[in-house]
Amino acid sequence: MTTYSTTQNDQIAWVQRRASDLIRNVEHFIHGKTAVVTDLLVGLLAEGHILIEDVPGVAKTSLAKAVAQSVGGSMRRLQFTPDLLPSDVVGVQMFDMNRREFSFREGPVFANIVLGDEINRASPKTQSALLEAMAERQVTVDGVTYPLPRPNLVIATQNPVDQQGTYALPEAQLDRFMMLLRVGYPSHEYEVQIVGDALARRLPEQLDPVLSIDELQQMIDVVRGVFVAPALQAYIVTITGATRTIPQLRLGASPRASNALAQAAQAAAAMSGRSFVTADDIKRMAQPVLAHRLVLTPEAAVQEHRADTIVDRILTAVPVPATPVGV
């Protein structure tokens, strides 16, 4: 049984309070989507990149903007288009006429929060420019490696792949996103509020920051200390391993997915005011962390199998550890 100091419990309580402050601030503009906002913040506290996928017009970009605006620090936006080049993302070497030498001009990825709007409207070549940045928090240009600022978090949006003018993200790119979230249509009550905001010309850029980038980094550091019992670590690996044996899947979850699920569960536990992870934290985060990484076989796709239902079946089948998980 692991014991925790009062200091750690105080830190967890502080993370919970500050997370609640950020959620309330975002909800001044994003109405009726508490669960989505909470999951997005879980991803940020786990220092993971977030992909928001849904049909046009349901506030994907506004949600990303509202969260980024609520956090102080550097923020850059990238509008992905078919003519966008990799150098437009990561930066380029330029010749300085005055100094008579080449110097590196940083791209938009050199920011604490990078908003990638409609990422799947760029070509696969440009999409791949983010691979190193998202996985290693660095960029290599002309053989020189440049570290990115910390934290460095990508919040990207995309339209469903059946929309015109889109390119499906490759599996390697999807695997670098810790979570995939969907916003969904608002209820009648909340859509009335949305119409009122539009008439009043309210914008997410008008939100005031409630969290400094230093506080966000401190929250990330506290989350990293949340205890995950060995039995629950094995539980996570059993869940992800099960995806590799499902006949309807031609690609299961990778070890990176196991790490992502553990880290997301840590953040979920901290936001619930606990210094240790429970099986319920893991179950709650399994869908947004795992489903987008699973690739159906052509036969399963024709038979209308779905990755999210497969994750549900696995969670039902895998037994929950009976050993203690924390204090």
# chains A, B, ... in the order shown; residues from 1 in each chain; ligands from 1
$ residues_around --residues "segment 170-172 of chain A" --least-positions-apart "6" --cutoff "9 Å" --atoms "only C-alpha atoms" --output "PyMOL selection string"
chain A and resi 124+127-128+131+293-295
$ select_by_dssp --residues "segment 127-207 of chain A" --states "helix (DSSP H, G or I)" --output "ChimeraX atom specification"
/A:127-136,171-176,188-199,204-206
$ atom_distance --atom1 "atom CA of Gly91 of chain A" --atom2 "atom CA of Asp117 of chain A"
17.9 Å
$ residues_around --residues "Thr297 of chain A" --least-positions-apart "5" --cutoff "8 Å" --atoms "only C-alpha atoms" --output "count of residues only"
3
$ select_by_dssp --residues "segment 23-255 of chain A" --states "strand (DSSP E or B)" --output "VMD selection string"
chain A and resid 49 to 53 71 75 to 79 91 to 96 101 to 106 113 to 117 138 to 141 144 to 147 153 to 158 177 to 181 211 227 249 to 251
